[in-house]
Amino acid sequence: MAGRLNKKEVLISNADSIKKSNELSTSKLNQGLTLNQMQLLSYAIYSTQKDGSTTFIKADFEKKFGIEKYQTKHAKVDAQRILSIQAGLEDLENDSFEYWNVFRKMKYDNGTFTFLWDPEITPHILDLKDRYVLTDLTVTAKFKSGFSWTLYDHLRGSYGCWYKSLTKDTIMEIFGVDEKKSYRENTGLLKKYVLDVAIAEINKFTELEVKYEEIKKVVQLLDSN
């Protein structure tokens, strides 16, 4: 899979952007989250980085991403989900992994969200001086699929790498669909409903130009007789 900068003019607005460490961007942070839940997580980061606030108004969140009819029942489901998320770093080839919680608390009261970061996560979103990913929320607000946001974060977190060789298992793990039987048994469905959707939106709305080539392994059985 290749994802590289090109001549497309996509201007990044620092005022509307969030920073995440490369490690956080390539972790499993977004795994299993819906698009609204990714937006909620990102807006929490945005609020904290903007003025240190751990409180924001639902109406401001809706306006930032153009969300309509975001009711209390939706906020309840999304807040519960992002409260449970963990970030992780894995290097299983070298027998190493690390996980940490993202939030310690998430509260909603009459249109106001209040949250508390876990101390382990703050070095990955605050006081970042190098090796971080800058994500413009006005760009990602155009995504209609959470898969697009997940892949965009992953590619931009792979700093300086314009080409990546990924197995099908790795791709399914990145997108959080590794338990979906239909995708595991049918690569065509995985491409149609996940990978192709993400790539199409990234190519349309962002500064990246992404394409991939499917390489199939052929096993030859030789008769020794």
# chains A, B, ... in the order shown; residues from 1 in each chain; ligands from 1
>>> select_by_dssp(residues="range 110-180 of chain A", states="strand (DSSP E)", output="list in words")
Thr112, Phe113, Thr114, Phe115, Leu116, Trp117, Tyr132, Val133, Leu134, Thr135 and Asp136 of chain A
>>> residues_around(residues="Lys107 in chain A", least_positions_apart="2", cutoff="10 Å", atoms="only C-alpha atoms", output="VMD selection string")
chain A and resid 55 75 to 76 79 to 80 83 105 109 112 to 116
>>> closest_residue(among="A:Ala141, A:Thr135, A:Phe103, A:Ile18", to="His154 in chain A", atoms="only C-alpha atoms")
A:Thr135
>>> closest_residue(among="A:Ile215, A:Val197, A:Leu40, A:Ile67", to="Thr167 in chain A", atoms="only C-alpha atoms")
A:Ile215
>>> select_by_dssp(residues="range 9-222 of chain A", states="helix (DSSP H, G or I)", output="number ranges by chain")
A: 14-16, 22-25, 35-51, 58-65, 72-83, 92-94, 122-124, 137-140, 146-157, 168-175, 181-185, 187-205
>>> closest_residue(among="A:Ser17, A:Gln71, A:Thr26, A:Gln31", to="Glu173 in chain A", atoms="only C-alpha atoms")
A:Gln31
>>> residues_around(residues="Gly88 in chain A", least_positions_apart="2", cutoff="12 Å", atoms="only C-alpha atoms", output="ChimeraX atom specification")
/A:23-31,85-86,90-92,96-102,120-121,124,174
>>> closest_residue(among="A:Ser158, A:Thr170, A:Thr150, A:Thr206", to="Leu35 in chain A", atoms="only C-alpha atoms")
A:Thr150
>>> closest_residue(among="A:Leu128, A:Leu151, A:Leu33, A:Ala87", to="Leu208 in chain A", atoms="only C-alpha atoms")
A:Leu151
>>> atom_distance(atom1="CA of Pro119 in chain A", atom2="CA of Ser84 in chain A")
15.2 Å
